[in-house]
Structure formats: C-alpha cells, structure tokens
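work.pdb follows (PDB, C-alpha atoms):
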ATOM      1  CA  MET A 249     -17.926 -79.709-238.380
ATOM      2  CA  ASP A 250     -19.766 -81.902-240.884
ATOM      3  CA  SER A 251     -22.521 -79.828-242.540
ATOM      4  CA  LYS A 252     -25.170 -82.455-241.741
ATOM      5  CA  TYR A 253     -24.467 -82.256-237.998
ATOM      6  CA  TYR A 254     -24.186 -78.485-238.165
ATOM      7  CA  ASN A 255     -27.602 -78.228-239.823
ATOM      8  CA  PHE A 256     -29.110 -80.646-237.305
ATOM      9  CA  ILE A 257     -27.844 -78.568-234.386
ATOM     10  CA  LYS A 258     -28.932 -75.305-235.998
ATOM     11  CA  PHE A 259     -32.416 -76.232-237.202
ATOM     12  CA  PHE A 260     -33.501 -78.878-234.703
ATOM     13  CA  LEU A 261     -31.874 -77.645-231.480
ATOM     14  CA  VAL A 262     -30.848 -73.983-231.698
ATOM     15  CA  LEU A 263     -33.743 -72.602-233.770
ATOM     16  CA  PRO A 264     -36.541 -74.254-231.712
ATOM     17  CA  THR A 265     -34.843 -73.002-228.544
ATOM     18  CA  ILE A 266     -34.735 -69.457-229.940
ATOM     19  CA  ILE A 267     -38.420 -69.645-230.931
ATOM     20  CA  MET A 268     -39.411 -70.813-227.431
ATOM     21  CA  TYR A 269     -37.312 -68.009-225.963
ATOM     22  CA  LEU A 270     -39.035 -65.404-228.149
ATOM     23  CA  LEU A 271     -42.467 -66.771-227.208
ATOM     24  CA  TYR A 272     -41.503 -66.570-223.536
ATOM     25  CA  MET A 273     -40.405 -62.956-223.972
ATOM     26  CA  VAL A 274     -43.680 -62.071-225.714
ATOM     27  CA  LEU A 275     -45.635 -63.449-222.753
ATOM     28  CA  THR A 276     -43.500 -62.015-219.950
ATOM     29  CA  HIS A 277     -41.739 -58.877-221.177
ATOM     30  CA  ASP A 278     -43.141 -55.596-219.887
ATOM     31  CA  SER A 279     -42.672 -53.798-223.222
ATOM     32  CA  HIS A 280     -43.645 -55.229-226.585
ATOM     33  CA  VAL A 281     -42.042 -52.406-228.539
ATOM     34  CA  TRP A 282     -39.359 -54.911-229.558
ATOM     35  CA  VAL A 283     -42.014 -57.052-231.269
ATOM     36  CA  LEU A 284     -43.179 -54.108-233.374
ATOM     37  CA  VAL A 285     -39.596 -53.204-234.275
ATOM     38  CA  GLY A 286     -38.875 -56.843-235.154
ATOM     39  CA  LEU A 287     -41.878 -56.987-237.466
ATOM     40  CA  ILE A 288     -40.704 -53.791-239.169
ATOM     41  CA  LEU A 289     -37.168 -55.166-239.532
ATOM     42  CA  TYR A 290     -38.378 -58.499-240.903
ATOM     43  CA  TYR A 291     -39.023 -57.294-244.444
ATOM     44  CA  PRO A 292     -35.666 -55.547-245.103
ATOM     45  CA  PHE A 293     -33.816 -58.389-243.335
ATOM     46  CA  HIS A 294     -35.442 -61.045-245.491
ATOM     47  CA  GLN A 295     -35.409 -59.118-248.752
ATOM     48  CA  LEU A 296     -31.900 -57.700-248.548
ATOM     49  CA  GLY A 297     -30.499 -60.969-247.194
ATOM     50  CA  PHE A 298     -32.035 -64.065-248.718
ATOM     51  CA  SER A 299     -34.843 -63.059-251.075
ATOM     52  CA  ILE A 300     -32.996 -60.550-253.248
ATOM     53  CA  GLY A 301     -29.399 -61.382-252.303
ATOM     54  CA  ILE A 302     -28.927 -65.151-252.097
ATOM     55  CA  HIS A 303     -31.954 -65.924-254.227
ATOM     56  CA  LYS A 304     -32.296 -63.389-257.021
ATOM     57  CA  LEU A 305     -28.707 -62.174-257.228
ATOM     58  CA  LEU A 306     -26.655 -65.318-256.593
ATOM     59  CA  ALA A 307     -29.008 -68.135-257.607
ATOM     60  CA  HIS A 308     -30.721 -66.447-260.570
ATOM     61  CA  ALA A 309     -28.420 -63.562-261.588
ATOM     62  CA  ALA A 310     -31.511 -61.374-262.042
ATOM     63  CA  PHE A 311     -29.634 -58.074-261.828
ATOM     64  CA  ASP A 312     -26.198 -56.500-261.821
ATOM     65  CA  PRO A 313     -25.524 -55.304-258.249
ATOM     66  CA  LYS A 314     -23.597 -52.366-256.914
ATOM     67  CA  SER A 315     -20.207 -53.530-255.663
ATOM     68  CA  TRP A 316     -21.011 -53.490-251.931
ATOM     69  CA  TYR A 317     -24.313 -55.353-252.088
ATOM     70  CA  PRO A 318     -23.221 -59.024-252.561
ATOM     71  CA  LYS A 319     -21.177 -58.934-249.333
ATOM     72  CA  LEU A 320     -23.948 -57.190-247.419
ATOM     73  CA  SER A 321     -26.540 -59.675-248.650
ATOM     74  CA  VAL A 322     -24.670 -62.794-247.499
ATOM     75  CA  VAL A 323     -24.004 -61.234-244.076
ATOM     76  CA  ILE A 324     -27.693 -60.406-243.571
ATOM     77  CA  ALA A 325     -28.696 -63.887-244.769
ATOM     78  CA  SER A 326     -26.261 -65.384-242.237
ATOM     79  CA  ILE A 327     -27.760 -63.229-239.478
ATOM     80  CA  CYS A 328     -31.093 -64.852-240.426
ATOM     81  CA  PHE A 329     -29.587 -68.366-240.106
ATOM     82  CA  PHE A 330     -29.636 -69.316-243.816
ATOM     83  CA  GLY A 331     -26.106 -70.699-243.620
ATOM     84  CA  ASP A 332     -23.554 -71.228-246.375
ATOM     85  CA  PRO A 333     -24.674 -69.052-249.337
ATOM     86  CA  VAL A 334     -22.992 -71.339-251.879
ATOM     87  CA  ALA A 335     -24.870 -74.375-250.566
ATOM     88  CA  SER A 336     -28.101 -72.357-250.604
ATOM     89  CA  VAL A 337     -27.565 -71.479-254.265
ATOM     90  CA  MET A 338     -26.819 -75.086-255.195
ATOM     91  CA  ILE A 339     -29.908 -76.415-253.400
ATOM     92  CA  HIS A 340     -32.172 -73.767-254.908
ATOM     93  CA  ARG A 341     -30.931 -74.395-258.432
ATOM     94  CA  LEU A 342     -31.400 -78.143-257.964
ATOM     95  CA  HIS A 343     -34.924 -77.411-256.709
ATOM     96  CA  HIS A 344     -35.713 -75.550-259.931
ATOM     97  CA  LYS A 345     -34.177 -78.220-262.129
ATOM     98  CA  TYR A 346     -35.948 -81.139-260.437
ATOM     99  CA  ALA A 347     -39.011 -79.408-258.959
ATOM    100  CA  ASP A 348     -41.593 -81.770-257.464
ATOM    101  CA  THR A 349     -39.673 -84.947-258.272
ATOM    102  CA  ASP A 350     -37.697 -87.315-256.061
ATOM    103  CA  ASN A 351     -34.548 -85.356-256.951
ATOM    104  CA  ASP A 352     -36.012 -82.106-255.610
ATOM    105  CA  PRO A 353     -34.173 -81.316-252.347
ATOM    106  CA  HIS A 354     -37.371 -80.268-250.561
ATOM    107  CA  SER A 355     -40.280 -81.636-252.560
ATOM    108  CA  PRO A 356     -43.659 -81.474-250.755
ATOM    109  CA  VAL A 357     -44.571 -84.632-252.662
ATOM    110  CA  HIS A 358     -43.007 -86.378-249.670
ATOM    111  CA  GLY A 359     -45.080 -84.317-247.219
ATOM    112  CA  ARG A 360     -45.204 -80.690-246.166
ATOM    113  CA  LEU A 361     -43.200 -81.336-242.994
ATOM    114  CA  HIS A 362     -40.475 -82.851-245.170
ATOM    115  CA  ALA A 363     -40.545 -79.771-247.423
ATOM    116  CA  PHE A 364     -40.581 -77.472-244.392
ATOM    117  CA  VAL A 365     -37.523 -78.752-242.558
ATOM    118  CA  THR A 366     -36.934 -82.524-242.244
ATOM    119  CA  TRP A 367     -35.480 -82.736-245.763
ATOM    120  CA  ILE A 368     -32.331 -81.281-244.167
ATOM    121  CA  LEU A 369     -31.793 -84.592-242.339
ATOM    122  CA  THR A 370     -32.129 -86.872-245.352
ATOM    123  CA  TYR A 371     -31.068 -84.932-248.441
ATOM    124  CA  LYS A 372     -27.772 -85.846-250.062
ATOM    125  CA  PRO A 373     -26.720 -83.578-252.951
ATOM    126  CA  PRO A 374     -25.769 -85.432-256.131
ATOM    127  CA  ARG A 375     -22.066 -85.832-256.786
ATOM    128  CA  ALA A 376     -22.317 -83.284-259.582
ATOM    129  CA  GLY A 377     -24.313 -80.886-257.396
ATOM    130  CA  ALA A 378     -21.350 -78.586-256.744
ATOM    131  CA  TYR A 379     -21.302 -77.821-260.472
ATOM    132  CA  PHE A 380     -24.534 -75.878-259.988
ATOM    133  CA  ALA A 381     -22.749 -73.204-257.938
ATOM    134  CA  THR A 382     -19.232 -73.001-259.392
ATOM    135  CA  ASP A 383     -20.076 -69.886-261.394
ATOM    136  CA  ILE A 384     -20.803 -67.759-258.333
ATOM    137  CA  LEU A 385     -17.475 -68.744-256.754
ATOM    138  CA  LYS A 386     -15.746 -67.395-259.861
ATOM    139  CA  LYS A 387     -17.869 -64.260-259.978
ATOM    140  CA  TYR A 388     -17.691 -63.575-256.229
ATOM    141  CA  PRO A 389     -14.387 -65.112-255.035
ATOM    142  CA  PHE A 390     -14.840 -63.737-251.498
ATOM    143  CA  LEU A 391     -17.408 -66.525-250.998
ATOM    144  CA  LYS A 392     -14.622 -69.125-250.889
ATOM    145  CA  THR A 393     -13.429 -67.660-247.598
ATOM    146  CA  TYR A 394     -16.784 -66.470-246.344
ATOM    147  CA  ARG A 395     -18.464 -69.878-246.456
ATOM    148  CA  ARG A 396     -15.804 -71.239-244.073
ATOM    149  CA  ILE A 397     -16.432 -68.571-241.444
ATOM    150  CA  GLU A 398     -20.146 -68.067-242.094
ATOM    151  CA  TRP A 399     -21.244 -69.785-238.865
ATOM    152  CA  THR A 400     -19.474 -67.111-236.793
ATOM    153  CA  VAL A 401     -21.545 -64.257-238.266
ATOM    154  CA  PRO A 402     -24.907 -64.909-236.536
ATOM    155  CA  ILE A 403     -23.130 -65.645-233.245
ATOM    156  CA  LEU A 404     -21.114 -62.423-233.314
ATOM    157  CA  PHE A 405     -24.016 -60.291-234.548
ATOM    158  CA  HIS A 406     -26.654 -61.433-232.077
ATOM    159  CA  THR A 407     -24.180 -61.434-229.184
ATOM    160  CA  SER A 408     -23.207 -57.870-230.065
ATOM    161  CA  THR A 409     -26.809 -56.642-230.208
ATOM    162  CA  PHE A 410     -27.474 -58.308-226.830
ATOM    163  CA  LEU A 411     -24.530 -56.465-225.289
ATOM    164  CA  ILE A 412     -25.606 -53.156-226.850
ATOM    165  CA  ASN A 413     -29.317 -53.143-226.052
ATOM    166  CA  GLU A 414     -31.911 -55.742-225.075
ATOM    167  CA  THR A 415     -34.654 -54.303-227.299
ATOM    168  CA  LEU A 416     -32.321 -54.225-230.296
ATOM    169  CA  PHE A 417     -31.281 -57.820-229.601
ATOM    170  CA  LEU A 418     -34.847 -59.127-229.290
ATOM    171  CA  SER A 419     -36.046 -57.187-232.338
ATOM    172  CA  CYS A 420     -33.225 -58.400-234.595
ATOM    173  CA  LEU A 421     -33.620 -61.962-233.336
ATOM    174  CA  LEU A 422     -37.355 -61.904-234.089
ATOM    175  CA  ALA A 423     -36.761 -60.486-237.585
ATOM    176  CA  ALA A 424     -34.138 -63.170-238.256
ATOM    177  CA  VAL A 425     -36.380 -66.036-237.094
ATOM    178  CA  LEU A 426     -39.322 -64.756-239.159
ATOM    179  CA  SER A 427     -37.013 -64.616-242.182
ATOM    180  CA  ILE A 428     -35.843 -68.237-241.984
ATOM    181  CA  LEU A 429     -39.400 -69.412-241.227
ATOM    182  CA  THR A 430     -40.608 -67.573-244.344
ATOM    183  CA  GLY A 431     -38.116 -69.568-246.391
ATOM    184  CA  PHE A 432     -39.352 -72.815-244.833
ATOM    185  CA  CYS A 433     -43.002 -71.860-245.462
ATOM    186  CA  ILE A 434     -42.355 -71.041-249.123
ATOM    187  CA  ASN A 435     -40.802 -74.485-249.569
ATOM    188  CA  ALA A 436     -43.682 -76.239-247.824
ATOM    189  CA  PHE A 437     -46.763 -74.320-248.895
ATOM    190  CA  SER A 438     -45.977 -72.879-252.345
ATOM    191  CA  HIS A 439     -46.167 -76.307-253.975
ATOM    192  CA  ASP A 440     -49.355 -78.374-253.907
ATOM    193  CA  PRO A 441     -48.510 -82.082-253.488
ATOM    194  CA  ASN A 442     -52.095 -82.988-254.472
ATOM    195  CA  SER A 443     -51.927 -81.223-257.825
ATOM    196  CA  THR A 444     -52.240 -83.522-260.829
ATOM    197  CA  SER A 445     -50.179 -81.239-263.051
ATOM    198  CA  GLU A 446     -46.468 -81.731-263.606
ATOM    199  CA  GLN A 447     -45.843 -78.189-262.308
ATOM    200  CA  LYS A 448     -47.078 -78.182-258.694
ATOM    201  CA  ALA A 449     -45.950 -74.676-257.733
ATOM    202  CA  THR A 450     -48.766 -72.302-256.766
ATOM    203  CA  ASN A 451     -49.358 -68.540-256.566
ATOM    204  CA  ASN A 452     -50.779 -66.682-253.567
ATOM    205  CA  LEU A 453     -51.279 -63.024-254.419
ATOM    206  CA  PHE A 454     -52.253 -61.996-250.874
ATOM    207  CA  LEU A 455     -49.138 -63.497-249.254
ATOM    208  CA  SER A 456     -47.021 -62.159-252.117
ATOM    209  CA  ARG A 457     -48.151 -58.617-251.438
ATOM    210  CA  TRP A 458     -48.096 -58.684-247.641
ATOM    211  CA  VAL A 459     -45.475 -61.273-246.650
ATOM    212  CA  ASN A 460     -43.035 -62.000-249.471
ATOM    213  CA  PRO A 461     -43.147 -61.697-253.280
ATOM    214  CA  LEU A 462     -41.901 -65.287-253.634
ATOM    215  CA  PHE A 463     -45.335 -66.591-252.721
ATOM    216  CA  MET A 464     -46.017 -65.885-256.421
ATOM    217  CA  HIS A 465     -44.176 -69.151-256.686
ATOM    218  CA  LYS A 466     -45.599 -70.696-259.839
ATOM    219  CA  TYR A 467     -44.872 -67.455-261.637
ATOM    220  CA  HIS A 468     -41.364 -67.500-260.193
ATOM    221  CA  HIS A 469     -40.784 -71.014-261.537
ATOM    222  CA  ASP A 470     -42.064 -69.932-264.951
ATOM    223  CA  VAL A 471     -39.735 -66.891-265.133
ATOM    224  CA  SER A 472     -37.119 -67.568-262.463
ATOM    225  CA  SER A 473     -34.616 -64.933-263.611
ATOM    226  CA  LEU A 474     -37.124 -62.064-263.546
ATOM    227  CA  TYR A 475     -36.333 -59.492-260.858
ATOM    228  CA  ASP A 476     -39.706 -57.817-260.422
ATOM    229  CA  TYR A 477     -43.285 -59.133-260.645
ATOM    230  CA  SER A 478     -44.880 -55.686-260.636
ATOM    231  CA  HIS A 479     -46.957 -56.353-263.734
ATOM    232  CA  LYS A 480     -48.512 -59.211-261.756
ATOM    233  CA  GLY A 481     -49.473 -56.856-258.953
ATOM    234  CA  VAL A 482     -46.474 -57.575-256.712
ATOM    235  CA  VAL A 483     -43.647 -55.069-256.311
ATOM    236  CA  ASP A 484     -40.377 -56.311-254.854
ATOM    237  CA  PHE A 485     -38.070 -54.322-252.599
ATOM    238  CA  SER A 486     -36.736 -51.271-254.424
ATOM    239  CA  SER A 487     -33.724 -51.974-256.611
ATOM    240  CA  LYS A 488     -32.686 -48.358-256.932
ATOM    241  CA  PHE A 489     -29.879 -48.453-254.403
ATOM    242  CA  ILE A 490     -28.637 -52.050-254.773
ATOM    243  CA  ALA A 491     -28.569 -52.539-258.557
ATOM    244  CA  LYS A 492     -26.567 -50.857-261.287
ATOM    245  CA  PHE A 493     -29.329 -51.800-263.664
ATOM    246  CA  LEU A 494     -31.814 -54.615-264.042
ATOM    247  CA  THR A 495     -30.720 -57.247-266.550
ATOM    248  CA  LYS A 496     -34.052 -59.051-266.824
TER
END

As a first step, turn the structure in this file into structure tokens.
Amino acid sequence: MDSKYYNFIKFFLVLPTIIMYLLYMVLTHDSHVWVLVGLILYYPFHQLGFSIGIHKLLAHAAFDPKSWYPKLSVVIASICFFGDPVASVMIHRLHHKYADTDNDPHSPVHGRLHAFVTWILTYKPPRAGAYFATDILKKYPFLKTYRRIEWTVPILFHTSTFLINETLFLSCLLAAVLSILTGFCINAFSHDPNSTSEQKATNNLFLSRWVNPLFMHKYHHDVSSLYDYSHKGVVDFSSKFIAKFLTK
C-alpha cells in the first residue's frame, strides 16, 4: 500500500475511531482500573519506544545501546502507531535541518493543526530525503525487513492483548494512543509560530518533568545529540539497562 494512503487510513480513520472507543469505555466501563494501568504504562511505552529508541538512538545516535534494545524499541514504537522507523528518522532529521521553514515537514508556521497531524496529507519528502536515513540501515540491517512488515506489529499485538485479557488490552491501547498524541503535541506546541526569532522552538519545564523530557524542545534543538537533560532539571528514563555507555 502507498505510504500516503496508509498514513491517511491510520491517522484520520483508525486513530480517531480508537480514541472514540476509549472515550466510550471510560464513560461506560464498570472498572476504571484499566485507565490507571494505561497511564502507568504510557511513560515506559513512549520512552522505550519512540522517545529514546526511534528518536535518541536512531535519529540522533545519542548512546551506544545494548544489543537487544534497538529491536525492542522499534516494536514498542510500532505498538504505539509511529509506523516505519526509517521514515520517522528521516522526517525528524529533516525537521532539525529545516526547522520552522517551508521545508520543515511539520512546521507550525503553517498552523498548529498542520504541525499536529495534517502535514501527513501534504508533505512530500525531497528526492534526496532518503539520504538522511541510510546510515541507520547500514548500522541496523534488520530494519530493511522490519519496515516492510511493520504494519502487522500493532495489529498482532493489540489483537493478542484483547484475546488474553480485556483490561490488558484497554490499558495497552490507552498507553499507545497517549504516546502517539504526545508526539503530535510536541510537534504542534513546542514551536511558537508567532516568535520573531529564527529559532522558534520553546521549552516547557513543567511538561518536560511530568509528561515528556522532549518538551525541553528548544534545548533539544540546541544540543540534539545529548541523551540526558538532567543538568537542566529534567531526567530522562534510566539508561542503565539499555545503554552500554552514553556517548554524549
């Protein structure tokens, strides 16, 4: 399936349907334990999948991982509906290179809704865009196969949790939806389209501490390959069991 149609189906049909389903379950389900579990699962899902895995490891090479972590990270990111990890890396690197310009894949200069999700409908990567991700295909050759079957991972995972236990299914689904929505919100609200400076990225210390460290977004743009922002008052998910050593 063409990636444009796949993304349209995923983000404009499937994801809104899932969100409405979760809202319905919140209002009608007898037990809300699954909501609490989902909120607890959100942080490790998002950090181990997209935030540390796709973002800091693959896009920015901020640390040297233990051998099992790259594969785990792309699977968790897929569970959270982030899609092809190679495409995610390419788009994020293009965002850093062309931040807040017309060549930025999701620049809020064209509106926060555009930066949140509608950029998916209109963005066409430059012909040389694939060059921005060729290094990770060489470093992690399993991605060549994985990106072709990636779409099956969220289907198989969420179907399996549904068959195992309803609470587990609802909790994991909630954590996954919160993860992808966090990514959308960072794109839309961590750049100020009204700023007069060339660098429009902003920092939000409160959201960085309690939602996701990447809301220290201006700081991230300034030092994109840095793993941890602890000296800025924000500590990322522990690296002790996923990294051999920090390289930055």

I need the residue nearest A:Thr366 from this list: A:Ser279, A:Asn435, A:Thr409, A:Gln295. Use only C-alpha atoms for the distance. A:Asn435

Written as a compact mmCIF listing (two decimals) with C-alpha atoms, in the frame of the given file, what is the full residue list that the PyMOL selection byres ((chain A and resi 393-408) around 6) yields on the file shown?
# COMPACT_ATOMS: atom_id res chain seq x y z
CA SER A 326 -26.26 -65.38 -242.24
CA ILE A 327 -27.76 -63.23 -239.48
CA ASP A 332 -23.55 -71.23 -246.38
CA PHE A 390 -14.84 -63.74 -251.50
CA LEU A 391 -17.41 -66.53 -251.00
CA LYS A 392 -14.62 -69.12 -250.89
CA THR A 409 -26.81 -56.64 -230.21
CA PHE A 410 -27.47 -58.31 -226.83
CA LEU A 411 -24.53 -56.46 -225.29

Just give me the gap between atom CA of A:Asn351 and atom CA of A:Phe330 in Å, one decimal is fine.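 Answer for the atom CA of A:Asn351 to atom CA of A:Phe330 separation: 21.3 Å.
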
I would like the residues chosen by the PyMOL selection byres ((chain A and resi 439) around 6) on the shown file; could you give them as a PyMOL selection string? chain A and resi 437-438+440+448-450

Starting from the shown file, work through the PyMOL selection byres ((chain A and resi 317-319) around 9) and note down what comes out as a ChimeraX atom specification. /A:296,301-302,305-306,313-316,320-324,388,390-391,490-491

Contacts of A:Met268 at 12 Å or less, counting only C-alpha atoms, minus same-chain residues fewer than 6 places along, as an NGL selection string? :A and (261-262 or 274-275 or 422 or 425)

So which residues fall inside 12 Å of (-30.3, -74.7, -235.1) if we count all atoms listed in the file? Mind giving them as a PDB file with C-alpha atoms, in the coordinates of the input?
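File produced: result.pdb:
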ATOM      1  CA  SER A 251     -22.521 -79.828-242.540  1.00  0.00           C
ATOM      2  CA  LYS A 252     -25.170 -82.455-241.741  1.00  0.00           C
ATOM      3  CA  TYR A 253     -24.467 -82.256-237.998  1.00  0.00           C
ATOM      4  CA  TYR A 254     -24.186 -78.485-238.165  1.00  0.00           C
ATOM      5  CA  ASN A 255     -27.602 -78.228-239.823  1.00  0.00           C
ATOM      6  CA  PHE A 256     -29.110 -80.646-237.305  1.00  0.00           C
ATOM      7  CA  ILE A 257     -27.844 -78.568-234.386  1.00  0.00           C
ATOM      8  CA  LYS A 258     -28.932 -75.305-235.998  1.00  0.00           C
ATOM      9  CA  PHE A 259     -32.416 -76.232-237.202  1.00  0.00           C
ATOM     10  CA  PHE A 260     -33.501 -78.878-234.703  1.00  0.00           C
ATOM     11  CA  LEU A 261     -31.874 -77.645-231.480  1.00  0.00           C
ATOM     12  CA  VAL A 262     -30.848 -73.983-231.698  1.00  0.00           C
ATOM     13  CA  LEU A 263     -33.743 -72.602-233.770  1.00  0.00           C
ATOM     14  CA  PRO A 264     -36.541 -74.254-231.712  1.00  0.00           C
ATOM     15  CA  THR A 265     -34.843 -73.002-228.544  1.00  0.00           C
ATOM     16  CA  ILE A 266     -34.735 -69.457-229.940  1.00  0.00           C
ATOM     17  CA  ILE A 267     -38.420 -69.645-230.931  1.00  0.00           C
ATOM     18  CA  CYS A 328     -31.093 -64.852-240.426  1.00  0.00           C
ATOM     19  CA  PHE A 329     -29.587 -68.366-240.106  1.00  0.00           C
ATOM     20  CA  PHE A 330     -29.636 -69.316-243.816  1.00  0.00           C
ATOM     21  CA  GLY A 331     -26.106 -70.699-243.620  1.00  0.00           C
ATOM     22  CA  VAL A 365     -37.523 -78.752-242.558  1.00  0.00           C
ATOM     23  CA  ILE A 368     -32.331 -81.281-244.167  1.00  0.00           C
ATOM     24  CA  TRP A 399     -21.244 -69.785-238.865  1.00  0.00           C
ATOM     25  CA  PRO A 402     -24.907 -64.909-236.536  1.00  0.00           C
ATOM     26  CA  ILE A 403     -23.130 -65.645-233.245  1.00  0.00           C
ATOM     27  CA  VAL A 425     -36.380 -66.036-237.094  1.00  0.00           C
ATOM     28  CA  ILE A 428     -35.843 -68.237-241.984  1.00  0.00           C
TER      29      ILE A 428
END

Can you work out the spacing between atom CA of A:Pro353 and atom CA of A:Ile339 in Å, to one decimal?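 Straight-line distance from atom CA of A:Pro353 to atom CA of A:Ile339 works out to 6.6 Å.
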
Determine, counting all atoms listed in the file, which protein, DNA and RNA residues have an atom within 9 Å of an atom of A:Tyr291; residues of the same chain fewer than 2 positions away are not included. Present the result as an NGL selection string. :A and (287-289 or 293-296 or 423 or 427 or 459-460 or 485)

Given the choices A:Thr430, A:Phe298, A:Ala363, A:Phe380, which gets closest to A:Ala335 if the distance is worked out from only C-alpha atoms?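 Once distances to A:Ala335 are computed over only C-alpha atoms, the minimum belongs to A:Phe380.
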